[in-house]
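Source file input-v2.cif; content: mmCIF, C-alpha atoms.
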```cif
data_start
loop_
_atom_site.label_atom_id
_atom_site.label_comp_id
_atom_site.auth_asym_id
_atom_site.auth_seq_id
_atom_site.Cartn_x
_atom_site.Cartn_y
_atom_site.Cartn_z
CA MET A 1 117.52 110.91 96.58
CA SER A 2 119.48 113.94 95.50
CA THR A 3 122.41 115.16 97.59
CA ALA A 4 124.33 118.25 98.53
CA ASP A 5 126.78 117.42 95.74
CA GLY A 6 126.34 119.05 92.36
CA THR A 7 124.66 122.26 91.24
CA SER A 8 121.63 123.92 92.79
CA ASN A 9 118.63 123.48 90.49
CA TYR A 10 116.33 126.29 91.61
CA GLU A 11 114.35 126.61 88.38
CA TYR A 12 113.45 122.92 88.20
CA VAL A 13 112.55 122.56 91.87
CA ASN A 14 110.49 125.73 91.98
CA ALA A 15 108.55 124.65 88.88
CA ARG A 16 107.66 121.41 90.70
CA VAL A 17 106.78 123.37 93.84
CA ARG A 18 104.44 125.68 91.90
CA ALA A 19 102.50 122.65 90.72
CA ARG A 20 102.26 121.29 94.27
CA ARG A 21 101.27 124.69 95.62
CA ALA A 22 98.40 124.87 93.11
CA ALA A 23 97.00 121.61 94.53
CA LEU A 24 96.67 122.94 98.09
CA PHE A 25 93.17 123.26 99.51
CA ASP A 26 91.48 126.62 99.03
CA ASP A 27 88.65 128.44 100.84
CA GLU A 28 85.99 126.43 99.02
CA ASP A 29 87.58 123.13 100.08
CA TYR A 30 87.62 124.23 103.71
CA ARG A 31 83.99 125.39 103.55
CA LYS A 32 83.01 121.94 102.31
CA LEU A 33 85.04 120.17 105.01
CA LEU A 34 83.45 122.26 107.75
CA ARG A 35 80.08 120.73 106.89
CA MET A 36 81.36 117.14 106.95
CA GLY A 37 81.87 114.51 109.62
CA PRO A 38 85.27 112.74 110.00
CA GLY A 39 84.27 109.86 107.72
CA GLU A 40 83.07 112.25 105.02
CA ILE A 41 86.30 114.23 105.33
CA ALA A 42 88.33 111.07 104.70
CA ARG A 43 86.21 110.27 101.63
CA TYR A 44 86.64 113.83 100.35
CA MET A 45 90.41 113.54 100.79
CA GLU A 46 90.29 110.35 98.71
CA GLU A 47 89.23 112.50 95.75
CA THR A 48 92.21 114.86 96.16
CA GLU A 49 95.97 114.47 96.12
CA TYR A 50 95.66 112.57 99.43
CA GLU A 51 94.11 109.65 97.49
CA SER A 52 97.05 107.22 97.71
CA GLU A 53 97.47 107.70 101.48
CA VAL A 54 93.76 107.29 102.23
CA ASN A 55 93.56 104.17 100.05
CA ALA A 56 96.69 102.65 101.60
CA LEU A 57 95.48 103.21 105.17
CA GLY A 58 91.73 102.78 104.72
CA ALA A 59 91.70 99.06 105.55
CA ARG A 60 93.28 99.67 108.96
CA TYR A 61 91.80 102.99 110.10
CA ASP A 62 88.65 105.06 109.76
CA GLY A 63 87.30 108.44 110.82
CA VAL A 64 89.70 110.85 112.50
CA ASP A 65 92.41 108.18 112.79
CA LEU A 66 92.40 107.69 109.03
CA VAL A 67 92.54 111.45 108.45
CA GLU A 68 95.43 111.84 110.92
CA TYR A 69 97.58 109.05 109.51
CA ALA A 70 96.92 110.06 105.91
CA LEU A 71 97.86 113.68 106.62
CA ASN A 72 101.13 112.81 108.33
CA ARG A 73 102.16 110.28 105.69
CA ASN A 74 101.34 112.71 102.87
CA LEU A 75 103.29 115.53 104.52
CA ALA A 76 106.39 113.35 104.90
CA LYS A 77 106.09 112.19 101.28
CA HIS A 78 105.92 115.72 99.92
CA PHE A 79 108.94 116.87 101.87
CA ASP A 80 110.92 113.77 100.88
CA ASP A 81 110.10 114.71 97.29
CA LEU A 82 111.61 118.16 97.81
CA LEU A 83 114.89 116.56 98.84
CA ASP A 84 114.74 114.05 95.97
CA TRP A 85 114.37 116.86 93.45
CA SER A 86 117.06 119.13 94.88
CA GLY A 87 120.80 119.29 94.39
CA GLY A 88 123.79 121.24 95.59
CA LYS A 89 123.36 124.08 98.07
CA LEU A 90 119.59 124.03 97.57
CA TYR A 91 119.43 120.48 98.94
CA THR A 92 121.46 121.52 101.99
CA LEU A 93 119.25 124.53 102.71
CA ILE A 94 116.04 122.49 102.47
CA ALA A 95 117.41 119.62 104.56
CA ARG A 96 118.48 122.00 107.31
CA TYR A 97 115.10 123.72 107.32
CA LEU A 98 113.18 120.44 107.53
CA ARG A 99 114.76 119.78 110.90
CA LYS A 100 111.89 121.93 112.16
CA PHE A 101 109.96 118.66 112.26
CA ASP A 102 112.48 117.24 114.70
CA ALA A 103 111.64 120.26 116.86
CA TRP A 104 107.90 119.68 116.29
CA ASN A 105 108.24 116.04 117.32
CA VAL A 106 110.23 116.82 120.46
CA LYS A 107 107.58 119.33 121.55
CA THR A 108 104.82 116.84 120.69
CA VAL A 109 106.43 114.23 122.94
CA LEU A 110 106.89 116.72 125.78
CA ARG A 111 103.26 117.87 125.53
CA GLY A 112 102.02 114.29 125.42
CA ILE A 113 103.85 113.29 128.58
CA TYR A 114 102.82 116.54 130.29
CA ALA A 115 99.17 115.79 129.48
CA ASP A 116 99.56 112.15 130.54
CA ALA A 117 98.64 110.91 127.05
CA ASP A 118 99.36 107.32 126.12
CA SER A 119 102.40 106.65 123.93
CA GLN A 120 100.32 105.59 120.91
CA SER A 121 98.44 108.88 120.93
CA VAL A 122 101.80 110.68 120.94
CA ARG A 123 103.06 108.57 118.03
CA ASP A 124 99.94 109.42 116.07
CA ASP A 125 100.88 113.11 116.14
CA LEU A 126 104.51 112.65 115.09
CA ILE A 127 105.59 113.80 111.63
CA HIS A 128 108.39 111.77 110.06
CA ALA A 129 109.90 114.53 107.96
CA GLY A 130 113.00 115.51 109.96
CA GLU A 131 116.30 113.73 110.57
CA PHE A 132 115.42 111.69 113.66
CA GLU A 133 114.92 108.01 112.91
CA ARG A 134 111.48 106.52 113.46
CA SER A 135 112.91 104.12 116.07
CA PHE A 136 114.34 107.01 118.08
CA LEU A 137 111.05 108.90 117.95
CA ASP A 138 109.26 105.76 119.17
CA ARG A 139 111.63 105.57 122.14
CA LEU A 140 110.93 109.22 122.94
CA ALA A 141 107.18 108.56 122.78
CA ASP A 142 107.60 105.62 125.19
CA ALA A 143 109.49 107.73 127.75
CA GLY A 144 107.82 107.74 131.14
CA ALA A 145 108.78 111.23 132.23
CA ILE A 146 109.86 114.58 130.81
CA GLU A 147 113.20 114.22 132.55
CA ASP A 148 113.75 110.97 130.62
CA VAL A 149 113.11 112.78 127.31
CA VAL A 150 115.63 115.49 128.22
CA GLU A 151 118.21 112.81 129.03
CA MET A 152 117.54 110.92 125.78
CA LEU A 153 118.07 114.10 123.77
CA HIS A 154 121.52 114.66 125.28
CA GLY A 155 124.01 114.90 122.44
CA THR A 156 121.44 116.20 119.91
CA ILE A 157 121.06 119.84 118.92
CA PHE A 158 118.34 120.16 121.56
CA GLY A 159 120.26 118.62 124.47
CA ASP A 160 122.11 121.57 126.01
CA HIS A 161 119.19 123.97 125.66
CA LEU A 162 116.71 121.53 127.22
CA GLU A 163 119.03 120.72 130.10
CA ALA A 164 119.46 124.44 130.81
CA ALA A 165 115.68 125.00 130.72
CA TYR A 166 114.75 122.00 132.85
CA GLU A 167 115.25 123.89 136.12
CA ASP A 168 112.68 126.50 135.05
CA TYR A 169 110.26 123.75 134.10
CA ASP A 170 110.83 121.99 137.40
CA SER A 171 110.25 125.16 139.43
CA THR A 172 107.21 126.47 137.50
CA GLY A 173 105.53 123.26 136.39
CA LEU A 174 105.03 124.87 132.95
CA LEU A 175 106.17 123.48 129.61
CA ILE A 176 106.88 126.93 128.19
CA PRO A 177 110.60 126.95 129.16
CA LEU A 178 111.18 123.58 127.50
CA GLU A 179 109.20 124.42 124.37
CA ASN A 180 111.02 127.72 123.98
CA ALA A 181 114.34 125.93 124.49
CA VAL A 182 113.51 123.58 121.61
CA ASP A 183 112.71 126.53 119.34
CA ARG A 184 115.90 128.27 120.36
CA ALA A 185 118.04 125.21 119.65
CA TYR A 186 116.49 124.70 116.23
CA TYR A 187 116.70 128.28 114.97
CA GLU A 188 120.13 129.06 116.34
CA GLY A 189 121.44 125.85 114.81
CA LEU A 190 119.75 126.75 111.54
CA MET A 191 121.37 130.19 111.39
CA GLU A 192 124.82 128.98 112.36
CA GLY A 193 127.29 129.43 109.51
CA VAL A 194 124.88 131.00 107.01
CA THR A 195 124.69 134.66 108.07
CA GLU A 196 128.03 135.83 106.67
CA THR A 197 127.81 135.37 102.91
CA GLU A 198 127.79 137.29 99.69
CA ASN A 199 125.80 134.59 97.90
CA ARG A 200 122.38 136.01 97.05
CA ALA A 201 120.59 132.67 97.32
CA THR A 202 121.88 132.18 100.85
CA GLN A 203 121.09 135.79 101.75
CA LEU A 204 117.46 135.18 100.80
CA TYR A 205 117.45 132.06 102.94
CA VAL A 206 118.71 134.15 105.85
CA GLU A 207 116.05 136.83 105.26
CA PHE A 208 113.35 134.18 105.36
CA LEU A 209 114.72 132.69 108.57
CA GLN A 210 115.09 136.09 110.18
CA ALA A 211 111.38 136.73 109.64
CA GLU A 212 110.47 133.36 111.12
CA ILE A 213 112.72 133.99 114.13
CA ASP A 214 111.21 137.44 114.70
CA PHE A 215 107.68 136.00 114.74
CA ARG A 216 108.74 133.06 116.90
CA ASN A 217 110.28 135.47 119.42
CA ILE A 218 107.01 137.42 119.55
CA ARG A 219 105.01 134.23 120.12
CA ASN A 220 107.33 132.91 122.82
CA ALA A 221 107.53 136.20 124.69
CA LEU A 222 103.74 136.55 124.74
CA ARG A 223 103.29 133.00 126.01
CA ILE A 224 105.70 133.64 128.87
CA SER A 225 104.19 137.03 129.68
CA ARG A 226 100.61 135.72 129.75
CA SER A 227 101.47 132.56 131.69
CA GLY A 228 102.15 134.62 134.82
CA ALA A 229 105.32 132.60 135.45
CA ASP A 230 108.30 134.33 137.01
CA ILE A 231 110.43 133.92 133.89
CA ASP A 232 112.19 136.68 131.99
CA PRO A 233 111.34 136.34 128.26
CA SER A 234 114.87 137.49 127.40
CA GLU A 235 116.20 134.21 128.83
CA TYR A 236 114.54 132.40 125.91
CA PHE A 237 115.25 134.97 123.22
CA ILE A 238 116.31 133.46 119.89
CA SER A 239 119.16 135.37 118.30
CA GLY A 240 119.37 135.96 114.57
CA GLY A 241 116.23 138.02 113.89
CA ARG A 242 116.10 141.62 112.80
CA LEU A 243 113.40 143.29 114.89
CA PHE A 244 114.38 142.94 118.52
CA LYS A 245 117.07 142.73 121.10
CA ALA A 246 116.41 140.43 124.02
CA THR A 247 115.80 143.26 126.50
CA GLU A 248 113.44 145.09 124.12
CA LEU A 249 111.31 142.01 123.64
CA SER A 250 110.93 141.56 127.39
CA GLN A 251 109.53 145.08 127.65
CA LEU A 252 107.21 144.69 124.66
CA ALA A 253 105.79 141.31 125.70
CA GLY A 254 103.36 142.95 128.10
CA ASN A 255 102.17 145.59 125.63
CA THR A 256 100.52 144.02 122.58
CA ASP A 257 99.65 147.37 120.95
CA GLU A 258 103.22 148.59 121.13
CA LEU A 259 104.47 145.25 119.86
CA ILE A 260 102.22 145.45 116.79
CA SER A 261 103.30 149.04 116.17
CA ARG A 262 106.92 147.91 116.22
CA VAL A 263 106.21 145.25 113.59
CA ARG A 264 104.14 147.68 111.48
CA GLU A 265 107.02 150.16 111.40
CA SER A 266 109.55 147.46 110.52
CA THR A 267 110.76 146.04 107.21
CA TYR A 268 107.76 143.68 107.24
CA GLY A 269 105.14 146.36 107.74
CA SER A 270 104.26 147.29 104.15
CA ASP A 271 103.70 143.63 103.25
CA LEU A 272 101.67 142.75 106.32
CA ASP A 273 99.02 145.45 106.65
CA GLU A 274 96.07 143.06 106.57
CA ALA A 275 97.71 140.52 108.85
CA LEU A 276 98.69 143.20 111.34
CA ASP A 277 95.13 144.51 111.36
CA GLU A 278 94.03 141.00 112.28
CA LEU A 279 96.63 140.93 115.06
CA GLU A 280 95.11 144.09 116.52
CA ARG A 281 91.63 142.55 116.41
CA ALA A 282 92.71 139.29 118.08
CA ASP A 283 91.12 139.08 121.53
CA SER A 284 92.99 136.03 122.81
CA LEU A 285 96.48 134.55 122.76
CA ILE A 286 95.31 131.79 120.43
CA GLY A 287 93.80 134.32 118.04
CA PHE A 288 96.97 136.38 118.19
CA GLU A 289 99.10 133.32 117.40
CA HIS A 290 96.90 132.38 114.45
CA ALA A 291 97.28 135.92 113.13
CA LEU A 292 101.05 135.65 113.53
CA ASP A 293 100.98 132.45 111.47
CA ALA A 294 99.00 134.22 108.76
CA ALA A 295 101.44 137.13 108.79
CA LEU A 296 104.42 134.81 108.34
CA LEU A 297 102.68 132.99 105.48
CA GLU A 298 101.96 136.32 103.82
CA TYR A 299 105.55 137.48 104.18
CA SER A 300 106.89 134.17 102.83
CA ASP A 301 104.62 134.54 99.79
CA HIS A 302 105.97 138.05 99.28
CA LEU A 303 109.55 136.79 99.21
CA SER A 304 108.54 134.00 96.83
CA HIS A 305 107.08 136.43 94.31
CA VAL A 306 109.92 138.93 94.53
CA PHE A 307 112.64 136.25 94.30
CA PRO A 308 111.12 133.32 92.34
CA LEU A 309 114.47 131.67 91.54
CA SER A 310 115.60 131.19 95.12
CA VAL A 311 114.90 128.87 98.03
CA CYS A 312 112.07 131.17 99.19
CA PRO A 313 109.26 129.53 97.14
CA VAL A 314 110.27 126.13 98.55
CA LEU A 315 110.23 127.34 102.15
CA ALA A 316 106.94 129.17 101.58
CA TYR A 317 105.46 125.94 100.22
CA ILE A 318 106.65 124.01 103.28
CA LEU A 319 104.89 126.52 105.54
CA ALA A 320 101.73 126.47 103.43
CA LYS A 321 101.61 122.67 103.20
CA GLN A 322 102.13 122.30 106.95
CA LYS A 323 99.33 124.80 107.55
CA GLU A 324 96.99 122.88 105.23
CA VAL A 325 97.61 119.71 107.24
CA ASP A 326 97.03 121.62 110.49
CA ASN A 327 93.76 123.02 109.14
CA ILE A 328 92.38 119.67 107.95
CA ARG A 329 93.37 118.05 111.25
CA ALA A 330 91.66 120.85 113.21
CA ILE A 331 88.45 120.43 111.21
CA ALA A 332 88.38 116.63 111.63
CA ARG A 333 89.07 116.82 115.36
CA GLY A 334 86.61 119.65 115.83
CA ARG A 335 83.84 117.80 114.05
CA GLU A 336 84.51 114.69 116.12
CA ALA A 337 84.37 116.78 119.30
CA GLY A 338 81.02 118.30 118.26
CA LEU A 339 82.29 121.87 117.87
CA SER A 340 80.29 124.30 115.78
CA GLU A 341 81.48 125.47 112.38
CA ASP A 342 82.30 128.91 113.81
CA GLU A 343 84.32 127.40 116.66
CA ILE A 344 86.31 125.26 114.25
CA GLU A 345 86.83 128.12 111.82
CA ASP A 346 88.44 130.13 114.61
CA GLU A 347 91.17 127.44 114.74
CA LEU A 348 92.06 127.73 111.05
CA VAL A 349 94.74 129.84 109.40
CA ILE A 350 93.75 130.63 105.81
CA LEU A 351 95.16 133.32 103.55
#
```

Spit out the file's structure as structure tokens when you get a sec.
Amino acid sequence: MSTADGTSNYEYVNARVRARRAALFDDEDYRKLLRMGPGEIARYMEETEYESEVNALGARYDGVDLVEYALNRNLAKHFDDLLDWSGGKLYTLIARYLRKFDAWNVKTVLRGIYADADSQSVRDDLIHAGEFERSFLDRLADAGAIEDVVEMLHGTIFGDHLEAAYEDYDSTGLLIPLENAVDRAYYEGLMEGVTETENRATQLYVEFLQAEIDFRNIRNALRISRSGADIDPSEYFISGGRLFKATELSQLAGNTDELISRVRESTYGSDLDEALDELERADSLIGFEHALDAALLEYSDHLSHVFPLSVCPVLAYILAKQKEVDNIRAIARGREAGLSEDEIEDELVIL
């Protein structure tokens, strides 16, 4: 594995990332998958770059289980490769960003306990690409109550934020305060110490993160507003973005049209026309969130093309690879559940 020591090797890493990006599934792949059952999807994956994972796991699992395990193992492998290739400051930036999977796993555990899922089902959805050890994640998955998870995370970057949000969870019975607290802990920790710099590479990293924070703030505020809970969205505002102040976001959360206008008039607007049009057409919170995901992917691609020798292509690839895994998982689960092709397609985010 490479380390933070040495010189950043942007040109080498981004050349490797371009090759990986070219192997991602395209529209035609998804159209084929939509017509397949879970077993056929696994066999199709065996003919792609998921071959080694499907072959390694095929003796123990089949159907959706095989697809799930192969996806998660492949995702972790690809992100480990990014760290192996990288050196210097680039390694540090990527490693910090990949802690988003610690946040993902914490939210997965909280949702599993909230839904009264068994611990093995929770483990199946964990992605081992962050910094938390597998043994610690297993202990989180085995926790009997949400309060136990909050206690176990004391001393981590999520501890203080979760403890502060637990009262809102306890009084409302909604997970939204805890999920937002996890996001807030991750992004504020990510931005700490990197905003004041004259280094262009780090400035681009900050610009990328600012966009992600802005879109995360929009998503979180809308979830709170539409939940009907007596919670002020500003209490879970993530600092570090460019578009909003906490009080402004609270006011905009209840007015989707005004919120979209604000984004359209912002620094992102000229690059996101199509995605913003889709946001306006979205007739549900889920549709709106999918459109937000597409908008962020589009903006990350823009930064990658404008600044090819920076960390931006790597971060854009991480987003795109994660979205591919989400899409394949959604198709496999949807087919197993007997959903129609149109219903499943509504769950996908494809640029």

Would you give the centre and edge lengths, in Å to one decimal, of a box along x, y and z around the listed atoms of range 50-63 of chain A, with 6 Å added to each side, as AutoDock Vina command-line options?
```
--center_x 92.4 --center_y 105.8 --center_z 104.2 --size_x 22.2 --size_y 25.5 --size_z 25.3
```

Close residues, Ser250 in chain A itself excluded, 7 Å, all atoms listed in the file, min 5 positions apart in chain, as a PyMOL selection string: chain A and resi 221+232-234

Spatial neighbours of Val306 in chain A, max dist 12 Å, all atoms listed in the file, sep filter under 6 positions, as a list of chain:residue names: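 Returned residues: A:Leu204, A:Asp271, A:Tyr299, A:Ser300, A:Cys312, A:Pro313.
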
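Residue nearest Arg18 in chain A, chosen from A:Met36, A:Ala332, A:Leu82, A:Leu276 and counting only C-alpha atoms: A:Leu82.
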
Selection result for the PyMOL selection byres ((chain A and resi 251-254) around 10) on this file, as a PyMOL selection string: chain A and resi 217-226+232-234+244+246-250+255-260+262

Non-local contacts of Ile94 in chain A (10 Å; only C-alpha atoms; under 4 positions in same chain excluded) as a ChimeraX atom specification: /A:79,82-83,86-87,89-90,98-99,205,311,314-315,318

Closest of A:Tyr10, A:Tyr69, A:Tyr61, A:Tyr166 to Ile328 in chain A - atom-to-atom distances counting all atoms listed in the file: A:Tyr69

Interatomic distance (Å, one decimal) between CA of Val349 in chain A and CA of Leu24 in chain A: 13.4 Å

Closest of A:Arg16, A:Phe101, A:Arg329, A:Phe288 to Gly130 in chain A - atom-to-atom distances counting all atoms listed in the file: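 Closest to Gly130 in chain A of all the choices is A:Phe101.
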
Interatomic distance (Å, one decimal) between CA of Ser135 in chain A and CA of Arg123 in chain A: 11.0 Å

Ground truth for the PyMOL selection byres ((chain A and resi 125) around 12), written as a ChimeraX atom specification: /A:64-65,67-73,101,104-112,117-124,126-128,137-138,141,325-326,329

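Taking CA of Leu296 in chain A as the reference point, CA of Glu212 in chain A is found at 6.8 Å.
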
Nearest to Thr156 in chain A by atom-to-atom distance, counting all atoms listed in the file, from A:Ala103, A:Leu178, A:Met191, A:Met45: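 Looking at the shortest contact to Thr156 in chain A, the residue is A:Ala103.
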
Given all atoms listed in the file as the counted atoms, nearest of A:Ala294, A:Leu339, A:Ile238, A:Ala282 to Val182 in chain A: A:Ile238

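What the PyMOL selection byres ((chain A and resi 269) around 12) grabs from this file is Ala211, Leu243, Ile260, Ser261, Arg262, Val263, Arg264, Glu265, Ser266, Thr267, Tyr268, Ser270, Asp271, Leu272, Asp273, Glu274, Ala275, Leu276, Asp277, Ala295, Leu296, Glu298, Tyr299 and His302 of chain A.
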
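With distances taken over all atoms listed in the file, A:Asp230 is the one residue among A:Asp142, A:Asp183, A:Asp230, A:Glu192 lying closest to Asp168 in chain A.
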
Contacts of Asp27 in chain A at 12 Å (all atoms listed in the file; same-chain gap of 6+ positions) as a PDB file with C-alpha atoms, keeping the file's coordinate frame:
```pdb
ATOM      1  CA  LEU A  33      85.040 120.170 105.010  1.00  0.00           C
ATOM      2  CA  LEU A  34      83.450 122.260 107.750  1.00  0.00           C
ATOM      3  CA  GLU A 324      96.990 122.880 105.230  1.00  0.00           C
ATOM      4  CA  ASN A 327      93.760 123.020 109.140  1.00  0.00           C
ATOM      5  CA  ILE A 328      92.380 119.670 107.950  1.00  0.00           C
ATOM      6  CA  GLU A 345      86.830 128.120 111.820  1.00  0.00           C
ATOM      7  CA  LEU A 348      92.060 127.730 111.050  1.00  0.00           C
ATOM      8  CA  VAL A 349      94.740 129.840 109.400  1.00  0.00           C
ATOM      9  CA  ILE A 350      93.750 130.630 105.810  1.00  0.00           C
ATOM     10  CA  LEU A 351      95.160 133.320 103.550  1.00  0.00           C
TER      11      LEU A 351
END
```
